[in-house]
file data29.txt (compact mmCIF, C-alpha atoms)
# COMPACT_ATOMS: atom_id res chain seq x y z
CA MET A 1086 -11.06 36.76 21.69
CA ALA A 1087 -10.56 40.32 20.49
CA ILE A 1088 -11.81 40.81 16.97
CA ASN A 1089 -10.00 43.31 14.84
CA SER A 1090 -12.07 44.06 11.80
CA SER A 1091 -9.44 46.03 9.90
CA PRO A 1092 -9.50 44.39 6.44
CA GLU A 1093 -5.89 45.19 5.60
CA GLN A 1094 -4.51 43.48 8.68
CA GLN A 1095 -7.03 40.68 9.03
CA SER A 1096 -7.48 39.38 5.48
CA PRO A 1097 -5.89 35.87 5.80
CA ASP A 1098 -7.19 35.50 9.35
CA MET A 1099 -10.59 36.71 8.27
CA GLU A 1100 -10.82 34.01 5.60
CA SER A 1101 -9.72 31.31 8.00
CA ARG A 1102 -12.27 32.42 10.60
CA LEU A 1103 -15.01 32.67 8.00
CA TRP A 1104 -14.24 29.18 6.66
CA ASP A 1105 -14.50 27.85 10.22
CA TYR A 1106 -17.84 29.63 10.55
CA ILE A 1107 -19.08 28.21 7.23
CA ASP A 1108 -17.88 24.69 8.20
CA GLY A 1109 -19.69 25.03 11.52
CA THR A 1110 -16.50 24.50 13.53
CA SER A 1111 -16.07 28.10 14.70
CA GLN A 1112 -15.66 28.73 18.42
CA GLU A 1113 -16.74 32.35 17.94
CA ALA A 1114 -19.83 31.92 15.81
CA SER A 1115 -21.81 34.74 17.45
CA ALA A 1116 -18.91 37.19 17.11
CA ILE A 1117 -18.53 36.29 13.42
CA GLU A 1118 -22.27 36.69 12.89
CA LYS A 1119 -22.06 40.15 14.42
CA LEU A 1120 -19.12 41.08 12.19
CA ILE A 1121 -20.94 39.87 9.09
CA ALA A 1122 -23.98 41.88 10.06
CA GLU A 1123 -22.11 45.08 10.90
CA ASN A 1124 -19.00 45.13 8.70
CA SER A 1125 -19.38 45.35 4.92
CA VAL A 1126 -15.87 43.95 4.26
CA TRP A 1127 -16.65 40.86 6.31
CA ARG A 1128 -20.08 40.61 4.69
CA ALA A 1129 -18.59 40.71 1.17
CA LYS A 1130 -15.91 38.16 1.99
CA TYR A 1131 -18.49 35.91 3.64
CA ALA A 1132 -20.69 36.04 0.52
CA GLU A 1133 -17.69 35.24 -1.68
CA LEU A 1134 -16.60 32.23 0.39
CA LEU A 1135 -20.15 31.01 0.77
CA ASP A 1136 -20.51 31.05 -3.01
CA ILE A 1137 -17.33 29.03 -3.48
CA ASN A 1138 -18.52 26.65 -0.77
CA SER A 1139 -21.88 26.06 -2.45
CA LEU A 1140 -20.21 25.65 -5.84
CA VAL A 1141 -17.83 23.00 -4.51
CA LEU A 1142 -20.74 21.27 -2.80
CA ALA A 1143 -22.61 21.24 -6.10
CA THR A 1144 -19.79 19.57 -8.03
CA GLU A 1145 -20.63 16.15 -9.33
CA LEU A 1146 -18.77 12.95 -8.67
CA GLU A 1147 -17.11 11.15 -11.55
CA GLU A 1148 -18.90 7.96 -12.55
CA PRO A 1149 -16.95 4.87 -13.58
CA SER A 1150 -18.10 2.68 -16.48
CA LEU A 1151 -21.46 0.91 -16.28
CA ARG A 1152 -19.75 -2.47 -15.98
CA PHE A 1153 -17.80 -1.38 -12.90
CA THR A 1154 -19.86 -3.19 -10.23
CA LYS A 1155 -20.16 -6.28 -12.44
CA ASN A 1156 -16.38 -6.35 -12.93
CA VAL A 1157 -15.77 -6.11 -9.18
CA MET A 1158 -18.32 -8.85 -8.44
CA GLU A 1159 -16.79 -11.13 -11.09
CA GLU A 1160 -13.38 -10.56 -9.57
CA ILE A 1161 -14.47 -11.29 -5.99
CA ALA A 1162 -16.40 -14.39 -7.05
CA ARG A 1163 -13.00 -16.09 -7.37
CA LEU A 1164 -11.84 -14.87 -3.96
CA GLN A 1165 -12.42 -15.66 -0.34
CA ILE A 1166 -12.51 -13.20 2.52
CA THR A 1167 -9.25 -13.44 4.44
CA PRO A 1168 -9.99 -14.40 8.05
CA ALA A 1169 -9.45 -11.63 10.58
CA ALA A 1170 -5.84 -11.52 11.77
CA LYS A 1171 -6.85 -12.33 15.35
CA LYS A 1172 -8.55 -15.52 14.16
CA TYR A 1173 -5.59 -17.11 12.45
CA ILE A 1174 -2.98 -16.06 15.01
CA ASN A 1175 -3.22 -18.69 17.73
CA THR A 1176 -2.34 -16.99 21.02
CA LYS A 1177 -1.63 -20.36 22.66
CA ILE A 1178 1.23 -20.91 20.23
CA ILE A 1179 2.59 -17.43 20.99
CA TRP A 1180 2.41 -18.12 24.73
CA GLY A 1181 4.02 -21.54 24.21
CA ILE A 1182 6.93 -19.99 22.30
CA ALA A 1183 7.30 -17.31 24.97
CA ALA A 1184 7.29 -19.90 27.78
CA PHE A 1185 9.88 -21.97 25.93
CA PHE A 1186 12.27 -19.05 25.48
CA ILE A 1187 11.76 -17.72 29.01
CA THR A 1188 12.51 -21.17 30.45
CA VAL A 1189 15.64 -21.46 28.30
CA ILE A 1190 16.86 -17.96 29.24
CA VAL A 1191 16.15 -18.39 32.96
CA GLY A 1192 17.79 -21.83 32.91
CA PHE A 1193 20.93 -20.61 31.21
CA LEU A 1194 21.15 -17.53 33.42
CA GLY A 1195 20.82 -19.72 36.50
CA TYR A 1196 23.40 -22.12 35.21
CA GLY A 1197 25.74 -19.24 34.35
CA PHE A 1198 25.42 -17.69 37.80
CA SER A 1199 26.08 -21.05 39.39
CA GLN A 1200 29.40 -21.22 37.58
CA VAL A 1201 30.61 -17.79 38.79
CA ASP A 1202 33.22 -17.84 41.53
CA TRP A 1203 31.86 -14.98 43.63
CA SER A 1204 34.69 -15.19 46.20
CA SER A 1205 37.36 -14.19 43.64
CA GLY A 1206 35.93 -10.66 43.23
CA THR A 1207 37.85 -7.63 44.54
CA GLY A 1208 34.89 -5.93 46.19
CA GLY A 1209 34.36 -8.63 48.74
CA SER A 1210 30.64 -7.91 49.11
CA SER A 1211 27.80 -8.17 46.61
CA PRO A 1212 26.58 -4.87 45.13
CA VAL A 1213 22.94 -5.91 45.63
CA GLY A 1214 23.42 -6.80 49.27
CA ILE A 1215 23.09 -10.56 48.81
CA ASP A 1216 25.98 -12.76 49.71
CA PHE A 1217 26.10 -15.06 46.69
CA THR A 1218 29.04 -16.95 48.12
CA SER A 1219 26.80 -18.42 50.81
CA VAL A 1220 24.44 -19.95 48.20
CA ASP A 1221 25.25 -23.55 47.47
CA TYR A 1222 24.54 -23.74 43.74
CA SER A 1223 25.78 -27.26 43.44
CA ARG A 1224 22.69 -28.39 45.35
CA MET A 1225 20.35 -26.48 43.05
CA PHE A 1226 22.07 -27.38 39.81
CA SER A 1227 22.82 -30.96 40.45
CA ASN A 1228 23.02 -33.32 37.47
CA SER A 1229 19.44 -34.43 37.95
CA PHE A 1230 18.18 -30.80 37.93
CA VAL A 1231 19.95 -30.03 34.64
CA ASN A 1232 18.66 -33.27 33.14
CA LEU A 1233 15.11 -32.49 34.24
CA PHE A 1234 15.37 -28.95 32.89
CA MET A 1235 16.60 -30.15 29.53
CA MET A 1236 13.88 -32.81 29.42
CA ILE A 1237 11.15 -30.19 30.03
CA ASN A 1238 12.59 -28.03 27.29
CA VAL A 1239 12.71 -30.89 24.81
CA ILE A 1240 9.10 -31.85 25.63
CA LEU A 1241 7.97 -28.21 25.26
CA GLY A 1242 9.84 -27.98 21.96
CA LEU A 1243 8.21 -31.17 20.66
CA MET A 1244 4.78 -29.92 21.75
CA LEU A 1245 5.35 -26.67 19.85
CA LEU A 1246 6.46 -28.55 16.74
CA ASP A 1247 3.41 -30.81 16.97
CA ARG A 1248 1.03 -27.86 17.26
CA TYR A 1249 2.70 -26.09 14.35
CA LEU A 1250 2.47 -29.16 12.12
CA ALA A 1251 -1.18 -29.73 13.10
CA TRP A 1252 -2.02 -26.09 12.30
CA LYS A 1253 -0.27 -26.34 8.94
CA ARG A 1254 -2.10 -29.56 8.05
CA LYS A 1255 -5.44 -27.99 8.99
CA LYS A 1256 -4.68 -24.97 6.84
CA LEU A 1257 -3.82 -27.18 3.85
CA MET A 1258 -7.03 -29.17 4.29
CA ASN A 1259 -9.13 -25.99 4.37
CA ARG A 1260 -7.84 -24.84 1.02
CA MET B 1419 -40.86 3.73 1.85
CA HIS B 1420 -37.51 2.24 0.93
CA THR B 1421 -34.81 2.75 3.57
CA LYS B 1422 -31.15 2.32 2.86
CA THR B 1423 -29.59 -0.71 4.57
CA PRO B 1424 -26.79 0.51 6.85
CA ASP B 1425 -23.27 -0.27 5.68
CA ASN B 1426 -22.52 -2.38 8.74
CA ASP B 1427 -25.56 -4.59 8.11
CA LEU B 1428 -24.45 -5.16 4.53
CA ILE B 1429 -20.94 -6.01 5.75
CA GLN B 1430 -22.38 -8.57 8.18
CA LEU B 1431 -24.33 -10.16 5.32
CA VAL B 1432 -21.18 -10.37 3.21
CA LEU B 1433 -19.25 -11.89 6.12
CA GLN B 1434 -22.02 -14.46 6.55
CA GLY B 1435 -21.40 -15.57 2.97
CA GLN B 1436 -23.88 -13.42 1.03
CA SER B 1437 -21.32 -11.95 -1.34
CA ALA B 1438 -24.09 -10.41 -3.46
CA ALA B 1439 -24.68 -7.83 -0.70
CA TYR B 1440 -21.25 -6.44 -1.54
CA ALA B 1441 -22.62 -5.21 -4.88
CA GLU B 1442 -24.74 -2.67 -2.98
CA LEU B 1443 -21.68 -1.38 -1.14
CA VAL B 1444 -19.82 -1.09 -4.43
CA ASP B 1445 -22.73 0.80 -6.00
CA ARG B 1446 -22.92 3.08 -2.98
CA TYR B 1447 -19.25 4.11 -2.99
CA LYS B 1448 -17.98 3.56 -6.54
CA ALA B 1449 -18.40 7.20 -7.58
CA PHE B 1450 -16.72 8.50 -4.39
CA VAL B 1451 -13.83 6.08 -4.81
CA PHE B 1452 -13.46 6.70 -8.55
CA THR B 1453 -13.46 10.50 -8.04
CA ILE B 1454 -10.75 10.36 -5.39
CA VAL B 1455 -8.66 7.98 -7.50
CA LEU B 1456 -8.99 10.39 -10.42
CA ARG B 1457 -7.47 13.11 -8.23
CA TYR B 1458 -4.27 11.04 -8.24
CA ILE B 1459 -4.42 9.26 -11.57
CA SER B 1460 -5.57 11.27 -14.55
CA SER B 1461 -6.08 8.34 -16.94
CA ARG B 1462 -9.67 7.10 -16.58
CA GLU B 1463 -8.68 3.54 -17.58
CA ASP B 1464 -5.99 3.36 -14.91
CA ALA B 1465 -8.26 5.05 -12.38
CA GLU B 1466 -10.98 2.50 -13.04
CA GLU B 1467 -8.54 -0.37 -12.65
CA VAL B 1468 -7.25 1.03 -9.35
CA SER B 1469 -10.83 1.66 -8.14
CA GLN B 1470 -11.76 -1.95 -8.88
CA ASP B 1471 -8.65 -3.09 -7.08
CA VAL B 1472 -9.68 -0.99 -4.05
CA PHE B 1473 -13.03 -2.79 -3.81
CA VAL B 1474 -11.39 -6.20 -4.27
CA LYS B 1475 -8.86 -5.42 -1.51
CA ALA B 1476 -11.63 -4.15 0.75
CA PHE B 1477 -13.61 -7.36 0.15
CA ARG B 1478 -10.66 -9.57 1.01
CA SER B 1479 -9.94 -7.67 4.21
CA LEU B 1480 -13.56 -7.14 5.21
CA SER B 1481 -13.23 -9.30 8.30
CA ASP B 1482 -10.56 -6.90 9.56
CA PHE B 1483 -13.04 -3.99 9.48
CA LYS B 1484 -13.96 -3.52 13.13
CA GLY B 1485 -16.68 -0.94 12.68
CA ALA B 1486 -14.83 1.54 14.91
CA SER B 1487 -14.92 4.06 12.05
CA LYS B 1488 -17.30 4.55 9.15
CA PHE B 1489 -16.92 2.02 6.32
CA SER B 1490 -16.25 4.92 3.95
CA THR B 1491 -13.37 6.17 6.14
CA TRP B 1492 -11.83 2.70 6.12
CA LEU B 1493 -12.41 2.40 2.36
CA TYR B 1494 -10.78 5.78 1.61
CA THR B 1495 -7.70 4.68 3.56
CA ILE B 1496 -7.41 1.77 1.10
CA VAL B 1497 -7.96 4.24 -1.78
CA THR B 1498 -5.06 6.44 -0.63
CA THR B 1499 -2.61 3.56 -0.18
CA SER B 1500 -3.67 1.92 -3.45
CA CYS B 1501 -3.17 5.16 -5.41
CA LEU B 1502 0.25 5.74 -3.88
CA THR B 1503 1.27 2.14 -4.59
CA PHE B 1504 0.08 2.48 -8.20
CA LEU B 1505 2.00 5.72 -8.68
CA ARG B 1506 5.11 4.23 -7.11
CA LYS B 1507 4.87 1.25 -9.46
CA LYS B 1508 4.39 3.50 -12.46
CA LYS B 1509 7.20 5.72 -11.20
CA LEU B 1510 5.12 8.79 -11.78
CA ASP B 1511 5.69 12.05 -9.97
CA VAL B 1512 3.61 12.25 -6.82
CA GLN B 1513 3.06 15.96 -6.57
CA SER B 1514 3.39 17.28 -3.07
CA LEU B 1515 1.40 20.05 -1.46
CA ASP B 1516 3.93 22.77 -2.08
CA ASN B 1517 5.30 21.60 -5.38
CA GLU B 1518 5.68 24.69 -7.52
CA LYS B 1519 5.74 22.59 -10.68
CA VAL B 1520 2.13 21.66 -10.10
CA PHE B 1521 1.06 25.25 -10.09
CA ALA B 1522 3.28 26.09 -13.05
CA ALA B 1523 1.64 23.24 -14.96
CA ALA B 1524 -1.80 24.34 -13.85
CA ASP B 1525 -1.09 27.87 -15.03
CA ASN B 1526 -0.62 26.55 -18.56
CA ILE B 1527 -3.79 24.53 -18.68
CA ASP B 1528 -6.11 27.31 -19.76
CA GLY B 1529 -3.99 27.89 -22.87
CA GLY B 1530 -6.07 25.42 -24.87
CA MET B 1531 -9.41 26.76 -23.72
CA SER B 1532 -11.14 29.18 -26.05
CA ALA B 1533 -13.34 31.99 -24.75
CA ASN B 1534 -16.41 30.29 -26.20
CA GLN B 1535 -15.63 27.01 -24.53
CA VAL B 1536 -15.20 28.74 -21.20
CA GLU B 1537 -18.50 30.54 -21.66
CA GLN B 1538 -20.28 27.27 -22.32
CA LYS B 1539 -19.09 25.74 -19.12
CA SER B 1540 -21.47 25.74 -16.25
CA ARG B 1541 -20.31 27.17 -12.94
CA VAL B 1542 -20.13 23.69 -11.46
CA ALA B 1543 -18.07 22.39 -14.36
CA MET B 1544 -15.82 25.40 -13.90
CA VAL B 1545 -15.20 24.45 -10.27
CA ASN B 1546 -14.53 20.87 -11.37
CA GLU B 1547 -11.93 22.17 -13.82
CA ALA B 1548 -10.37 24.31 -11.11
CA ILE B 1549 -10.17 21.30 -8.76
CA LYS B 1550 -8.37 19.34 -11.50
CA MET B 1551 -5.79 22.11 -11.64
CA LEU B 1552 -4.93 21.65 -7.98
CA SER B 1553 -2.28 19.28 -6.69
CA PRO B 1554 -3.58 15.74 -5.92
CA ASP B 1555 -3.23 16.43 -2.18
CA ASP B 1556 -5.36 19.58 -2.38
CA ALA B 1557 -7.90 18.00 -4.71
CA GLN B 1558 -8.18 14.92 -2.53
CA ILE B 1559 -8.78 16.81 0.69
CA ILE B 1560 -11.46 18.98 -0.94
CA THR B 1561 -13.16 15.90 -2.41
CA LEU B 1562 -13.05 14.02 0.88
CA PHE B 1563 -14.46 16.97 2.81
CA TYR B 1564 -17.16 18.06 0.39
CA LYS B 1565 -18.11 14.90 -1.45
CA GLY B 1566 -16.84 12.03 0.67
CA GLU B 1567 -18.93 13.01 3.71
CA GLN B 1568 -15.85 12.88 5.94
CA THR B 1569 -15.21 15.07 8.97
CA LEU B 1570 -11.82 16.65 9.64
CA GLU B 1571 -11.12 13.91 12.21
CA GLU B 1572 -11.99 11.19 9.72
CA ILE B 1573 -9.86 12.78 7.00
CA ALA B 1574 -7.01 12.92 9.52
CA LYS B 1575 -7.44 9.18 10.07
CA ILE B 1576 -7.42 8.49 6.32
CA LEU B 1577 -4.33 10.61 5.67
CA GLY B 1578 -2.55 9.62 8.90
CA LYS B 1579 -2.30 13.24 10.05
CA GLU B 1580 -3.43 15.35 12.98
CA PRO B 1581 -6.91 16.95 12.65
CA ASN B 1582 -5.37 20.42 13.09
CA ALA B 1583 -2.91 19.79 10.25
CA VAL B 1584 -5.81 18.63 8.06
CA LYS B 1585 -7.75 21.78 8.94
CA VAL B 1586 -4.83 23.96 7.85
CA GLN B 1587 -4.35 21.85 4.69
CA LEU B 1588 -8.06 22.17 3.82
CA HIS B 1589 -7.93 25.91 4.34
CA ARG B 1590 -4.88 26.22 2.07
CA ALA B 1591 -6.49 23.98 -0.54
CA ARG B 1592 -9.60 26.18 -0.59
CA THR B 1593 -7.48 29.30 -0.87
CA ARG B 1594 -5.63 27.80 -3.83
CA LEU B 1595 -8.93 26.75 -5.39
CA LYS B 1596 -10.20 30.32 -5.05
CA GLU B 1597 -6.99 31.58 -6.68
CA ARG B 1598 -7.39 29.12 -9.56
CA LEU B 1599 -10.98 30.23 -10.05
CA GLN B 1600 -10.00 33.88 -10.04
CA LYS B 1601 -7.05 33.34 -12.35
CA HIS B 1602 -8.54 31.00 -14.93
CA PHE B 1603 -12.24 31.75 -14.75
CA ALA B 1604 -12.16 35.44 -13.92
CA ALA B 1605 -15.23 36.25 -16.01
CA GLU B 1606 -17.33 33.55 -14.39
CA VAL B 1607 -16.10 34.43 -10.93
CA LYS B 1608 -17.22 38.01 -11.61
CA ASP B 1609 -20.66 36.64 -12.41
CA ILE B 1610 -20.70 34.92 -9.04
CA HIS B 1611 -20.47 38.21 -7.15

call {"tool": "encode", "arguments": {"input": "data29.txt", "output": "structure tokens"}}
result
Amino acid sequence: MAINSSPEQQSPDMESRLWDYIDGTSQEASAIEKLIAENSVWRAKYAELLDINSLVLATELEEPSLRFTKNVMEEIARLQITPAAKKYINTKIIWGIAAFFITVIVGFLGYGFSQVDWSSGTGGSSPVGIDFTSVDYSRMFSNSFVNLFMMINVILGLMLLDRYLAWKRKKLMNR
Amino acid sequence: MHTKTPDNDLIQLVLQGQSAAYAELVDRYKAFVFTIVLRYISSREDAEEVSQDVFVKAFRSLSDFKGASKFSTWLYTIVTTSCLTFLRKKKLDVQSLDNEKVFAAADNIDGGMSANQVEQKSRVAMVNEAIKMLSPDDAQIITLFYKGEQTLEEIAKILGKEPNAVKVQLHRARTRLKERLQKHFAAEVKDIH
């Protein structure tokens, strides 16, 4: 990086570069060192900023009242640490809910497609290259299939409800 | 020789049920927390109440602290949100970085300060006064950087900003602090050089 040491043009940049140097984050530390050593303007500015830096470092923290820690400890004596979020969120329940909804969506989509009269379209051929008219949906979605599908959904729903109620009871007992 | 128990070890003790270990964490960080809260809330009573609330919140959520960052970084995040929530509840003005009113108000502060009083102030107290004249954002970033032992990256995490933005903000805050010192404590600043 080219270093222009003209004080008139470089003043804001000079400060910023000197602060970086003081903070120890400068990428051009050796160049800055050279400038401080050789240029009186840079040297004076460096001394000024360094003084401010040491003054800020020397400032004292504000102290709260002497009872502060005691007050906090009295307050937390009545409290319990909240369990970590990952502990009280049961992933099995989340997966169960997801499976339930996916099954319902897939089932309804399948049922919907089975009801479409593909032969009445104007295009004649399927846009995805599959001839849906040749699929015999009545075999797939027979009465027994729909009944079985609904039965699985009801069982899954009852299992979910059972798990939810058990979790709620456990939570109440822990209180 | 007495060595300081690391924060994470104390946290583990608290999580194992030894709540008393939390007192050491409170003692360790109460001044840092209280100072940062005071940058937002000028009333010491309110600041103390908010600071206590910060430690209570931190205790309750301790199991959510993963140890990925320093405990102090995590704690200061709670400080920032608690202060903003308090100010929102109180419907006070949250002064932004470039709020001219803040500087106009700061300009009037030295009106009540006699020459003798200023002379009696130590240089450190003078800097403390100058920091109080800054906007809460400026004062907070200076406190976090110089007194909170936080790096630019950690401050960025606390404030939810990019490290580069924090670097620029810190630089501006220091420039404004220098201006305050020169404007309000010109005589003392002269002594510095």

call {"tool": "atom_distance", "arguments": {"input": "data29.txt", "atom1": "atom CA of B:Ala1449", "atom2": "atom CA of A:Glu1148"}}
result
5.1 Å

call {"tool": "closest_residue", "arguments": {"input": "data29.txt", "among": "B:Trp1492, B:Phe1504, B:Phe1563, B:Tyr1440", "to": "B:Gly1578", "atoms": "only C-alpha atoms"}}
result
B:Trp1492

call {"tool": "interface_residues", "arguments": {"input": "data29.txt", "of": "chain A", "to": "chain B", "cutoff": "8 Å", "atoms": "only C-alpha atoms", "output": "PyMOL selection string"}}
result
chain A and resi 1101+1104+1132-1133+1136-1137+1140-1150+1153-1154+1156-1158+1160-1162+1164-1170

call {"tool": "atom_distance", "arguments": {"input": "data29.txt", "atom1": "atom CA of A:Ile1117", "atom2": "atom CA of A:Tyr1131"}}
result
9.8 Å

call {"tool": "axis_aligned_box", "arguments": {"input": "data29.txt", "around": "stretch 1148-1160 of chain A", "padding_each_side": "6 Å", "output": "AutoDock Vina command-line options"}}
result
--center_x -17.4 --center_y -1.6 --center_z -12.5 --size_x 20.1 --size_y 31.1 --size_z 20.0

call {"tool": "residues_around", "arguments": {"input": "data29.txt", "residues": "stretch 1238-1249 of chain A", "least_positions_apart": "5", "cutoff": "8 Å", "atoms": "all atoms listed in the file", "output": "NGL selection string"}}
result
:A and (1178 or 1181-1182 or 1185 or 1188-1189)

call {"tool": "atom_distance", "arguments": {"input": "data29.txt", "atom1": "atom CA of B:Asp1555", "atom2": "atom CA of B:Thr1498"}}
result
10.3 Å

call {"tool": "closest_residue", "arguments": {"input": "data29.txt", "among": "B:Asn1426, B:Thr1569, B:Thr1421, B:Pro1581", "to": "B:Ala1486", "atoms": "all atoms listed in the file"}}
result
B:Asn1426

call {"tool": "closest_residue", "arguments": {"input": "data29.txt", "among": "B:Lys1575, B:Pro1424, B:Tyr1458, B:Leu1431", "to": "B:Leu1502", "atoms": "all atoms listed in the file"}}
result
B:Tyr1458
